[in-house]
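Structure file my_file.txt with compact mmCIF, N, CA and C atoms:
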# COMPACT_ATOMS: atom_id res chain seq x y z
N MET K 1 1.71 -6.18 6.65
CA MET K 1 0.39 -5.92 6.13
C MET K 1 0.52 -5.32 4.73
N LEU K 2 -0.27 -5.83 3.80
CA LEU K 2 -0.30 -5.27 2.46
C LEU K 2 -1.16 -4.01 2.48
N THR K 3 -0.68 -2.94 1.85
CA THR K 3 -1.36 -1.66 1.96
C THR K 3 -2.02 -1.17 0.68
N ARG K 4 -1.62 -1.73 -0.48
CA ARG K 4 -2.18 -1.23 -1.73
C ARG K 4 -1.76 -2.14 -2.88
N ILE K 5 -2.37 -1.95 -4.03
CA ILE K 5 -1.81 -2.50 -5.26
C ILE K 5 -0.75 -1.50 -5.68
N ASP K 6 0.51 -1.92 -5.63
CA ASP K 6 1.61 -1.03 -5.99
C ASP K 6 1.65 -0.85 -7.50
N HIS K 7 1.62 -1.97 -8.23
CA HIS K 7 1.61 -1.87 -9.69
C HIS K 7 1.14 -3.17 -10.33
N ILE K 8 0.77 -3.05 -11.57
CA ILE K 8 0.49 -4.18 -12.44
C ILE K 8 1.61 -4.18 -13.47
N GLY K 9 2.34 -5.30 -13.59
CA GLY K 9 3.42 -5.41 -14.56
C GLY K 9 2.88 -5.94 -15.87
N ILE K 10 3.19 -5.25 -16.96
CA ILE K 10 2.74 -5.64 -18.28
C ILE K 10 3.96 -5.85 -19.17
N ALA K 11 4.11 -7.05 -19.69
CA ALA K 11 5.22 -7.38 -20.59
C ALA K 11 4.88 -6.92 -22.00
N CYS K 12 5.86 -6.32 -22.68
CA CYS K 12 5.63 -5.83 -24.04
C CYS K 12 6.88 -6.03 -24.90
N PHE K 13 6.67 -6.08 -26.21
CA PHE K 13 7.79 -6.22 -27.14
C PHE K 13 8.46 -4.89 -27.45
N ASP K 14 7.69 -3.79 -27.43
CA ASP K 14 8.20 -2.48 -27.82
C ASP K 14 7.74 -1.46 -26.76
N LEU K 15 8.63 -1.12 -25.87
CA LEU K 15 8.28 -0.23 -24.75
C LEU K 15 7.79 1.12 -25.24
N ASP K 16 8.48 1.73 -26.20
CA ASP K 16 8.09 3.07 -26.66
C ASP K 16 6.69 3.06 -27.27
N ARG K 17 6.39 2.06 -28.07
CA ARG K 17 5.07 1.96 -28.69
C ARG K 17 3.98 1.72 -27.63
N THR K 18 4.31 0.89 -26.63
CA THR K 18 3.33 0.59 -25.58
C THR K 18 3.09 1.81 -24.71
N VAL K 19 4.15 2.55 -24.37
CA VAL K 19 3.99 3.80 -23.62
C VAL K 19 3.08 4.75 -24.39
N GLU K 20 3.31 4.88 -25.68
CA GLU K 20 2.51 5.79 -26.49
C GLU K 20 1.03 5.37 -26.50
N PHE K 21 0.77 4.06 -26.54
CA PHE K 21 -0.62 3.59 -26.47
C PHE K 21 -1.28 4.05 -25.17
N TYR K 22 -0.62 3.84 -24.03
CA TYR K 22 -1.21 4.21 -22.74
C TYR K 22 -1.33 5.72 -22.59
N ARG K 23 -0.41 6.47 -23.19
CA ARG K 23 -0.49 7.94 -23.16
C ARG K 23 -1.67 8.40 -24.01
N ALA K 24 -1.75 7.94 -25.26
CA ALA K 24 -2.79 8.39 -26.18
C ALA K 24 -4.18 7.90 -25.77
N THR K 25 -4.27 6.68 -25.27
CA THR K 25 -5.57 6.10 -24.95
C THR K 25 -6.11 6.54 -23.59
N TYR K 26 -5.26 6.56 -22.57
CA TYR K 26 -5.72 6.82 -21.20
C TYR K 26 -5.16 8.10 -20.59
N GLY K 27 -4.20 8.72 -21.25
CA GLY K 27 -3.61 9.94 -20.70
C GLY K 27 -2.56 9.69 -19.64
N PHE K 28 -2.10 8.45 -19.47
CA PHE K 28 -1.07 8.14 -18.48
C PHE K 28 0.29 8.59 -18.98
N GLU K 29 1.06 9.21 -18.10
CA GLU K 29 2.39 9.70 -18.43
C GLU K 29 3.45 8.88 -17.70
N VAL K 30 4.63 8.84 -18.27
CA VAL K 30 5.76 8.14 -17.63
C VAL K 30 6.19 8.93 -16.41
N PHE K 31 6.17 8.28 -15.27
CA PHE K 31 6.64 8.88 -14.02
C PHE K 31 8.13 8.59 -13.82
N HIS K 32 8.55 7.41 -14.24
CA HIS K 32 9.94 6.97 -14.05
C HIS K 32 10.27 5.93 -15.11
N SER K 33 11.50 5.94 -15.58
CA SER K 33 11.95 4.89 -16.49
C SER K 33 13.38 4.52 -16.13
N GLU K 34 13.74 3.28 -16.40
CA GLU K 34 15.09 2.80 -16.11
C GLU K 34 15.33 1.48 -16.82
N VAL K 35 16.60 1.10 -16.85
CA VAL K 35 17.00 -0.22 -17.31
C VAL K 35 17.48 -0.97 -16.09
N ASN K 36 16.91 -2.16 -15.86
CA ASN K 36 17.33 -3.01 -14.75
C ASN K 36 18.16 -4.13 -15.36
N GLU K 37 19.48 -3.98 -15.29
CA GLU K 37 20.39 -4.95 -15.90
C GLU K 37 20.25 -6.33 -15.28
N GLU K 38 20.09 -6.37 -13.95
CA GLU K 38 19.97 -7.66 -13.25
C GLU K 38 18.79 -8.47 -13.77
N GLN K 39 17.66 -7.79 -13.99
CA GLN K 39 16.46 -8.48 -14.46
C GLN K 39 16.35 -8.50 -15.98
N GLY K 40 17.25 -7.80 -16.68
CA GLY K 40 17.24 -7.81 -18.13
C GLY K 40 16.03 -7.15 -18.75
N VAL K 41 15.61 -5.99 -18.18
CA VAL K 41 14.45 -5.28 -18.71
C VAL K 41 14.69 -3.78 -18.78
N ARG K 42 13.99 -3.18 -19.72
CA ARG K 42 13.85 -1.73 -19.79
C ARG K 42 12.41 -1.48 -19.38
N GLU K 43 12.20 -0.54 -18.50
CA GLU K 43 10.85 -0.37 -17.96
C GLU K 43 10.43 1.08 -17.88
N ALA K 44 9.12 1.26 -17.86
CA ALA K 44 8.51 2.57 -17.63
C ALA K 44 7.41 2.39 -16.60
N MET K 45 7.42 3.27 -15.61
CA MET K 45 6.37 3.28 -14.59
C MET K 45 5.42 4.42 -14.92
N LEU K 46 4.15 4.08 -15.16
CA LEU K 46 3.12 5.06 -15.43
C LEU K 46 2.28 5.23 -14.18
N LYS K 47 2.32 6.41 -13.60
CA LYS K 47 1.61 6.65 -12.34
C LYS K 47 0.11 6.79 -12.61
N ILE K 48 -0.67 6.01 -11.86
CA ILE K 48 -2.12 6.05 -12.00
C ILE K 48 -2.72 6.99 -10.96
N ASN K 49 -2.31 6.81 -9.70
CA ASN K 49 -2.83 7.67 -8.64
C ASN K 49 -1.98 7.54 -7.37
N ASP K 50 -2.12 8.52 -6.49
CA ASP K 50 -1.51 8.45 -5.17
C ASP K 50 -2.41 7.60 -4.27
N THR K 51 -1.84 7.07 -3.19
CA THR K 51 -2.62 6.24 -2.28
C THR K 51 -2.59 6.82 -0.87
N SER K 52 -3.49 6.39 -0.04
CA SER K 52 -3.63 6.96 1.31
C SER K 52 -2.45 6.66 2.22
N ASP K 53 -1.62 5.66 1.86
CA ASP K 53 -0.47 5.34 2.72
C ASP K 53 0.78 6.09 2.30
N GLY K 54 0.65 7.05 1.41
CA GLY K 54 1.79 7.83 0.96
C GLY K 54 2.47 7.26 -0.27
N GLY K 55 2.03 6.10 -0.72
CA GLY K 55 2.59 5.49 -1.92
C GLY K 55 1.80 5.90 -3.15
N ALA K 56 1.87 5.07 -4.16
CA ALA K 56 1.13 5.32 -5.39
C ALA K 56 0.84 3.99 -6.06
N SER K 57 -0.01 4.02 -7.06
CA SER K 57 -0.28 2.85 -7.88
C SER K 57 0.17 3.17 -9.30
N TYR K 58 0.78 2.16 -9.95
CA TYR K 58 1.39 2.34 -11.26
C TYR K 58 1.03 1.19 -12.19
N LEU K 59 1.23 1.43 -13.49
CA LEU K 59 1.38 0.37 -14.47
C LEU K 59 2.88 0.32 -14.74
N GLN K 60 3.45 -0.87 -14.72
CA GLN K 60 4.87 -1.05 -15.02
C GLN K 60 4.95 -1.77 -16.36
N LEU K 61 5.48 -1.08 -17.36
CA LEU K 61 5.65 -1.67 -18.68
C LEU K 61 7.07 -2.22 -18.77
N LEU K 62 7.20 -3.47 -19.20
CA LEU K 62 8.49 -4.17 -19.21
C LEU K 62 8.83 -4.68 -20.60
N GLU K 63 9.98 -4.26 -21.11
CA GLU K 63 10.50 -4.75 -22.39
C GLU K 63 11.82 -5.46 -22.10
N PRO K 64 11.98 -6.71 -22.53
CA PRO K 64 13.25 -7.40 -22.27
C PRO K 64 14.41 -6.76 -23.03
N THR K 65 15.58 -6.78 -22.41
CA THR K 65 16.78 -6.26 -23.06
C THR K 65 17.70 -7.39 -23.52
N ARG K 66 17.37 -8.60 -23.13
CA ARG K 66 18.15 -9.76 -23.57
C ARG K 66 17.25 -11.00 -23.60
N GLU K 67 17.63 -11.93 -24.46
CA GLU K 67 16.83 -13.14 -24.72
C GLU K 67 16.67 -14.05 -23.50
N ASP K 68 17.65 -14.04 -22.59
CA ASP K 68 17.60 -14.96 -21.45
C ASP K 68 16.89 -14.39 -20.23
N SER K 69 16.33 -13.19 -20.33
CA SER K 69 15.61 -12.61 -19.18
C SER K 69 14.29 -13.35 -18.97
N THR K 70 13.80 -13.32 -17.75
CA THR K 70 12.54 -13.99 -17.47
C THR K 70 11.38 -13.36 -18.24
N VAL K 71 11.43 -12.05 -18.46
CA VAL K 71 10.36 -11.39 -19.22
C VAL K 71 10.42 -11.81 -20.68
N ALA K 72 11.61 -11.95 -21.27
CA ALA K 72 11.73 -12.41 -22.66
C ALA K 72 11.17 -13.82 -22.80
N LYS K 73 11.50 -14.68 -21.86
CA LYS K 73 10.99 -16.06 -21.90
C LYS K 73 9.47 -16.07 -21.75
N TRP K 74 8.96 -15.22 -20.86
CA TRP K 74 7.52 -15.15 -20.65
C TRP K 74 6.82 -14.65 -21.91
N LEU K 75 7.37 -13.62 -22.55
CA LEU K 75 6.79 -13.10 -23.79
C LEU K 75 6.78 -14.15 -24.90
N ALA K 76 7.87 -14.91 -25.01
CA ALA K 76 7.96 -15.95 -26.04
C ALA K 76 6.86 -17.00 -25.85
N LYS K 77 6.53 -17.28 -24.62
CA LYS K 77 5.53 -18.30 -24.31
C LYS K 77 4.10 -17.74 -24.36
N ASN K 78 3.90 -16.52 -23.85
CA ASN K 78 2.56 -15.99 -23.64
C ASN K 78 2.16 -14.81 -24.52
N GLY K 79 3.12 -14.13 -25.10
CA GLY K 79 2.82 -12.90 -25.82
C GLY K 79 2.64 -11.74 -24.85
N GLU K 80 2.32 -10.59 -25.38
CA GLU K 80 2.17 -9.40 -24.54
C GLU K 80 0.98 -9.52 -23.60
N GLY K 81 1.10 -8.90 -22.44
CA GLY K 81 -0.02 -8.87 -21.51
C GLY K 81 0.42 -8.77 -20.07
N VAL K 82 -0.54 -8.97 -19.17
CA VAL K 82 -0.27 -8.86 -17.74
C VAL K 82 0.73 -9.94 -17.33
N HIS K 83 1.81 -9.50 -16.75
CA HIS K 83 2.89 -10.39 -16.32
C HIS K 83 2.79 -10.70 -14.83
N HIS K 84 2.50 -9.67 -14.01
CA HIS K 84 2.41 -9.88 -12.57
C HIS K 84 1.61 -8.75 -11.91
N ILE K 85 1.24 -8.99 -10.66
CA ILE K 85 0.62 -7.98 -9.81
C ILE K 85 1.52 -7.78 -8.61
N ALA K 86 1.66 -6.54 -8.18
CA ALA K 86 2.54 -6.22 -7.05
C ALA K 86 1.74 -5.51 -5.96
N PHE K 87 1.94 -5.99 -4.74
CA PHE K 87 1.30 -5.39 -3.57
C PHE K 87 2.34 -4.63 -2.77
N GLY K 88 1.97 -3.44 -2.32
CA GLY K 88 2.84 -2.63 -1.48
C GLY K 88 2.76 -3.05 -0.04
N THR K 89 3.89 -2.95 0.66
CA THR K 89 3.97 -3.25 2.08
C THR K 89 5.06 -2.38 2.70
N ALA K 90 4.90 -2.03 3.96
CA ALA K 90 5.92 -1.24 4.65
C ALA K 90 7.18 -2.04 4.91
N ASP K 91 7.09 -3.37 4.96
CA ASP K 91 8.24 -4.22 5.31
C ASP K 91 8.21 -5.50 4.49
N VAL K 92 8.87 -5.48 3.34
CA VAL K 92 8.87 -6.64 2.44
C VAL K 92 9.47 -7.87 3.11
N ASP K 93 10.48 -7.70 3.95
CA ASP K 93 11.11 -8.84 4.63
C ASP K 93 10.11 -9.54 5.55
N ALA K 94 9.44 -8.77 6.40
CA ALA K 94 8.49 -9.35 7.35
C ALA K 94 7.29 -9.96 6.62
N GLU K 95 6.80 -9.27 5.59
CA GLU K 95 5.63 -9.76 4.85
C GLU K 95 5.97 -11.07 4.13
N ALA K 96 7.15 -11.15 3.51
CA ALA K 96 7.57 -12.37 2.83
C ALA K 96 7.71 -13.52 3.82
N ALA K 97 8.29 -13.25 4.98
CA ALA K 97 8.45 -14.30 6.00
C ALA K 97 7.09 -14.80 6.49
N ASP K 98 6.16 -13.89 6.69
CA ASP K 98 4.82 -14.26 7.14
C ASP K 98 4.10 -15.11 6.09
N ILE K 99 4.20 -14.71 4.85
CA ILE K 99 3.54 -15.45 3.77
C ILE K 99 4.20 -16.81 3.57
N LYS K 100 5.52 -16.87 3.71
CA LYS K 100 6.25 -18.14 3.59
C LYS K 100 5.78 -19.13 4.66
N GLU K 101 5.54 -18.64 5.87
CA GLU K 101 5.05 -19.48 6.96
C GLU K 101 3.67 -20.08 6.64
N LYS K 102 2.95 -19.46 5.73
CA LYS K 102 1.63 -19.94 5.33
C LYS K 102 1.72 -20.93 4.18
N GLY K 103 2.94 -21.30 3.79
CA GLY K 103 3.14 -22.32 2.77
C GLY K 103 3.31 -21.82 1.35
N VAL K 104 3.47 -20.54 1.16
CA VAL K 104 3.67 -19.97 -0.18
C VAL K 104 5.17 -19.82 -0.42
N ARG K 105 5.61 -20.31 -1.58
CA ARG K 105 7.04 -20.21 -1.92
C ARG K 105 7.41 -18.77 -2.27
N VAL K 106 8.47 -18.29 -1.62
CA VAL K 106 9.04 -16.97 -1.90
C VAL K 106 10.24 -17.22 -2.82
N LEU K 107 10.29 -16.53 -3.96
CA LEU K 107 11.29 -16.84 -4.98
C LEU K 107 12.69 -16.32 -4.69
N TYR K 108 12.83 -15.25 -3.91
CA TYR K 108 14.16 -14.72 -3.57
C TYR K 108 14.41 -14.95 -2.09
N GLU K 109 15.57 -15.49 -1.77
CA GLU K 109 15.95 -15.69 -0.37
C GLU K 109 15.99 -14.35 0.37
N GLU K 110 16.56 -13.34 -0.30
CA GLU K 110 16.62 -11.97 0.23
C GLU K 110 15.99 -11.05 -0.80
N PRO K 111 15.22 -10.05 -0.37
CA PRO K 111 14.66 -9.10 -1.34
C PRO K 111 15.76 -8.45 -2.18
N ARG K 112 15.40 -8.08 -3.41
CA ARG K 112 16.32 -7.45 -4.35
C ARG K 112 15.87 -6.03 -4.64
N ARG K 113 16.73 -5.30 -5.35
CA ARG K 113 16.40 -3.95 -5.75
C ARG K 113 15.41 -4.00 -6.90
N GLY K 114 14.36 -3.20 -6.78
CA GLY K 114 13.36 -3.10 -7.83
C GLY K 114 13.31 -1.69 -8.40
N SER K 115 12.25 -1.37 -9.07
CA SER K 115 12.07 -0.05 -9.69
C SER K 115 12.16 1.07 -8.67
N MET K 116 12.74 2.16 -9.07
CA MET K 116 12.82 3.38 -8.28
C MET K 116 13.45 3.15 -6.91
N GLY K 117 14.37 2.19 -6.81
CA GLY K 117 15.06 1.94 -5.55
C GLY K 117 14.26 1.14 -4.54
N SER K 118 13.17 0.53 -4.96
CA SER K 118 12.35 -0.26 -4.04
C SER K 118 13.05 -1.56 -3.67
N ARG K 119 12.51 -2.26 -2.68
CA ARG K 119 12.95 -3.61 -2.31
C ARG K 119 11.82 -4.55 -2.65
N ILE K 120 12.15 -5.66 -3.36
CA ILE K 120 11.11 -6.54 -3.88
C ILE K 120 11.43 -8.02 -3.66
N THR K 121 10.39 -8.81 -3.69
CA THR K 121 10.51 -10.25 -3.83
C THR K 121 9.26 -10.74 -4.55
N PHE K 122 9.31 -11.97 -5.05
CA PHE K 122 8.18 -12.55 -5.77
C PHE K 122 7.70 -13.80 -5.07
N LEU K 123 6.42 -14.10 -5.25
CA LEU K 123 5.80 -15.32 -4.75
C LEU K 123 5.52 -16.23 -5.94
N HIS K 124 5.69 -17.52 -5.74
CA HIS K 124 5.54 -18.48 -6.84
C HIS K 124 4.10 -18.48 -7.36
N PRO K 125 3.92 -18.35 -8.68
CA PRO K 125 2.55 -18.31 -9.21
C PRO K 125 1.74 -19.58 -8.96
N LYS K 126 2.39 -20.72 -8.87
CA LYS K 126 1.64 -21.96 -8.61
C LYS K 126 1.03 -21.97 -7.21
N ASP K 127 1.57 -21.17 -6.31
CA ASP K 127 1.03 -21.08 -4.96
C ASP K 127 0.04 -19.92 -4.83
N CYS K 128 -0.12 -19.13 -5.90
CA CYS K 128 -0.97 -17.94 -5.87
C CYS K 128 -2.02 -17.99 -6.99
N HIS K 129 -2.58 -19.18 -7.21
CA HIS K 129 -3.64 -19.38 -8.20
C HIS K 129 -3.25 -18.90 -9.59
N GLY K 130 -1.99 -19.17 -9.97
CA GLY K 130 -1.52 -18.85 -11.31
C GLY K 130 -1.05 -17.43 -11.53
N VAL K 131 -1.00 -16.62 -10.47
CA VAL K 131 -0.61 -15.22 -10.60
C VAL K 131 0.77 -15.01 -10.00
N LEU K 132 1.74 -14.58 -10.83
CA LEU K 132 3.03 -14.17 -10.31
C LEU K 132 2.78 -12.93 -9.47
N THR K 133 3.16 -12.98 -8.19
CA THR K 133 2.85 -11.91 -7.25
C THR K 133 4.13 -11.34 -6.70
N GLU K 134 4.23 -10.02 -6.70
CA GLU K 134 5.40 -9.32 -6.20
C GLU K 134 5.02 -8.57 -4.93
N LEU K 135 5.94 -8.54 -3.98
CA LEU K 135 5.81 -7.72 -2.77
C LEU K 135 6.81 -6.58 -2.88
N VAL K 136 6.39 -5.36 -2.57
CA VAL K 136 7.22 -4.17 -2.79
C VAL K 136 7.22 -3.27 -1.57
N THR K 137 8.42 -2.89 -1.13
CA THR K 137 8.56 -1.79 -0.19
C THR K 137 9.18 -0.65 -0.98
N SER K 138 8.41 0.41 -1.16
CA SER K 138 8.86 1.54 -1.98
C SER K 138 9.92 2.34 -1.26
N ALA K 139 10.84 2.88 -2.05
CA ALA K 139 11.81 3.85 -1.54
C ALA K 139 11.11 5.21 -1.54
N PRO K 140 11.57 6.13 -0.71
CA PRO K 140 10.98 7.47 -0.77
C PRO K 140 11.15 8.05 -2.17
N VAL K 141 10.08 8.64 -2.72
CA VAL K 141 10.12 9.21 -4.06
C VAL K 141 10.42 10.69 -3.94
N GLU K 142 11.50 11.13 -4.61
CA GLU K 142 11.91 12.53 -4.52
C GLU K 142 11.70 13.29 -5.82
N SER K 143 11.77 12.60 -6.97
CA SER K 143 11.64 13.31 -8.23
C SER K 143 10.87 12.46 -9.22
N SER K 144 10.53 13.08 -10.35
CA SER K 144 9.82 12.35 -11.38
C SER K 144 10.80 11.70 -12.33
N GLU K 145 10.45 11.57 -13.61
CA GLU K 145 11.18 10.75 -14.58
C GLU K 145 12.70 10.93 -14.53
N HIS K 146 13.39 9.78 -14.60
CA HIS K 146 14.87 9.76 -14.58
C HIS K 146 15.39 9.35 -15.92
Turn the structure described in the file into structure tokens.
Amino acid sequence: MLTRIDHIGIACFDLDRTVEFYRATYGFEVFHSEVNEEQGVREAMLKINDTSDGGASYLQLLEPTREDSTVAKWLAKNGEGVHHIAFGTADVDAEAADIKEKGVRVLYEEPRRGSMGSRITFLHPKDCHGVLTELVTSAPVESSEH
């Protein structure tokens, strides 16, 4: 069962400048930042609010660290903007299997490591009305920015 909007992923050319925009304009602060070498991105998670299931909702700002990353390719084609939407679930494996049975393509055979130690997979945008959709099982959150 999907429990919340976990985050909205926003692709950007300059992470520091984009973080400053969201800080100055909306007052959002960086909750966590990291470089994900596997996905070729530097990212910042801006916490929007806590949720009733013990999770939270975030904006995830993504800057590519290499030209061959999927985010770099997406930026080259589309420019800055909303890259994907992510839904939280207690069990990404079970949720992905259930959605796959409904005819939606799941992009990873096995979930991968995502932000803040989460487990993630993606659903094909052509099967989701043009929206790249991520499923996320969050890891327990113990501290703020890393």
Determine the nearest neighbour of Ile85 (chain K) from the options K:Ser118, K:Gln60, K:Ser69, K:Ser138, counting only C-alpha atoms.
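The shortest atom-to-atom distance to Ile85 (chain K) comes from K:Gln60.
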Could you pull out all residues of chain K with a DSSP call of alpha helix (DSSP H) and give them as JSON, numbers by chain?
{"K": [15, 16, 17, 18, 19, 20, 21, 22, 23, 24, 25, 26, 70, 71, 72, 73, 74, 75, 76, 77, 78, 92, 93, 94, 95, 96, 97, 98, 99, 100, 101]}
Here CA of Asp14 (chain K) and CA of Cys128 (chain K) stand apart by 28.4 Å
Restricting to only C-alpha atoms, whichever of K:Ile10, K:Met1, K:Val131, K:Leu61 is closest to Asp91 (chain K) is K:Met1
Run DSSP on the backbone of this structure and report the residues of chain K it assigns to strand (DSSP E or B), as a PyMOL selection string.
chain K and resi 2-11+30-36+41-50+56-64+81-89+106+112-113+119-123+133-137
Please, what is the axis-aligned box for every listed atom of region 75-83 of chain K with 6 Å on each side, as centre and edge lengths in Å to one decimal, as AutoDock Vina command-line options?
--center_x 3.7 --center_y -13.5 --center_z -20.4 --size_x 20.5 --size_y 21.5 --size_z 23.2
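If you measure from each of K:Ala24, K:Leu15, K:Ala76, K:Leu123 to Tyr108 (chain K) using only N, CA and C atoms, the closest one turns out to be K:Leu123.
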Please identify all polymer residues within 6.5 Å of Pro111 (chain K), counting only N, CA and C atoms, omitting same-chain residues fewer than 2 positions from it, and present them as a PyMOL selection string.
chain K and resi 108-109+113+119-121
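Reported to one decimal place, the separation of CA of Gly117 (chain K) from CA of Ala139 (chain K) is 5.5 Å.
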Just checking: using only N, CA and C atoms, which residue out of K:Pro125, K:Gly88, K:Pro140, K:Gly130 ends up closest to Ile5 (chain K)?
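Of all the options, K:Gly88 lies closest to Ile5 (chain K).
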Shell around His124 (chain K) at 6.5 Å using all atoms listed in the file, local window under 3 positions removed, as a count of residues only
9
Do you know which residues are at most 8 Å from region 50-55 of chain K counting only C-alpha atoms, after dropping those on the same chain fewer than 4 positions away, and could you put them as a PyMOL selection string?
chain K and resi 3-4+6+138
Long-range neighbours of Glu34 (chain K) as a PyMOL selection string, 7 Å cut-off, all atoms listed in the file, 4 positions minimum in chain:
chain K and resi 41-45+146
Quick one: pull the distance between atom C of Trp74 (chain K) and CA of His32 (chain K), Å, one decimal.
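Atom C of Trp74 (chain K) sits 23.2 Å away from CA of His32 (chain K).
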Which of these, K:Glu134, K:Glu110, K:Glu38, K:Glu20, has the shortest distance to Phe87 (chain K) once you count only N, CA and C atoms?
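Using only N, CA and C atoms, Phe87 (chain K) sits closest to K:Glu134.
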Hey, what's within 6 Å of Gly81 (chain K) if we count only N, CA and C atoms and toss same-chain stuff fewer than 3 positions away? As a ChimeraX atom specification, please?
/K:9-12
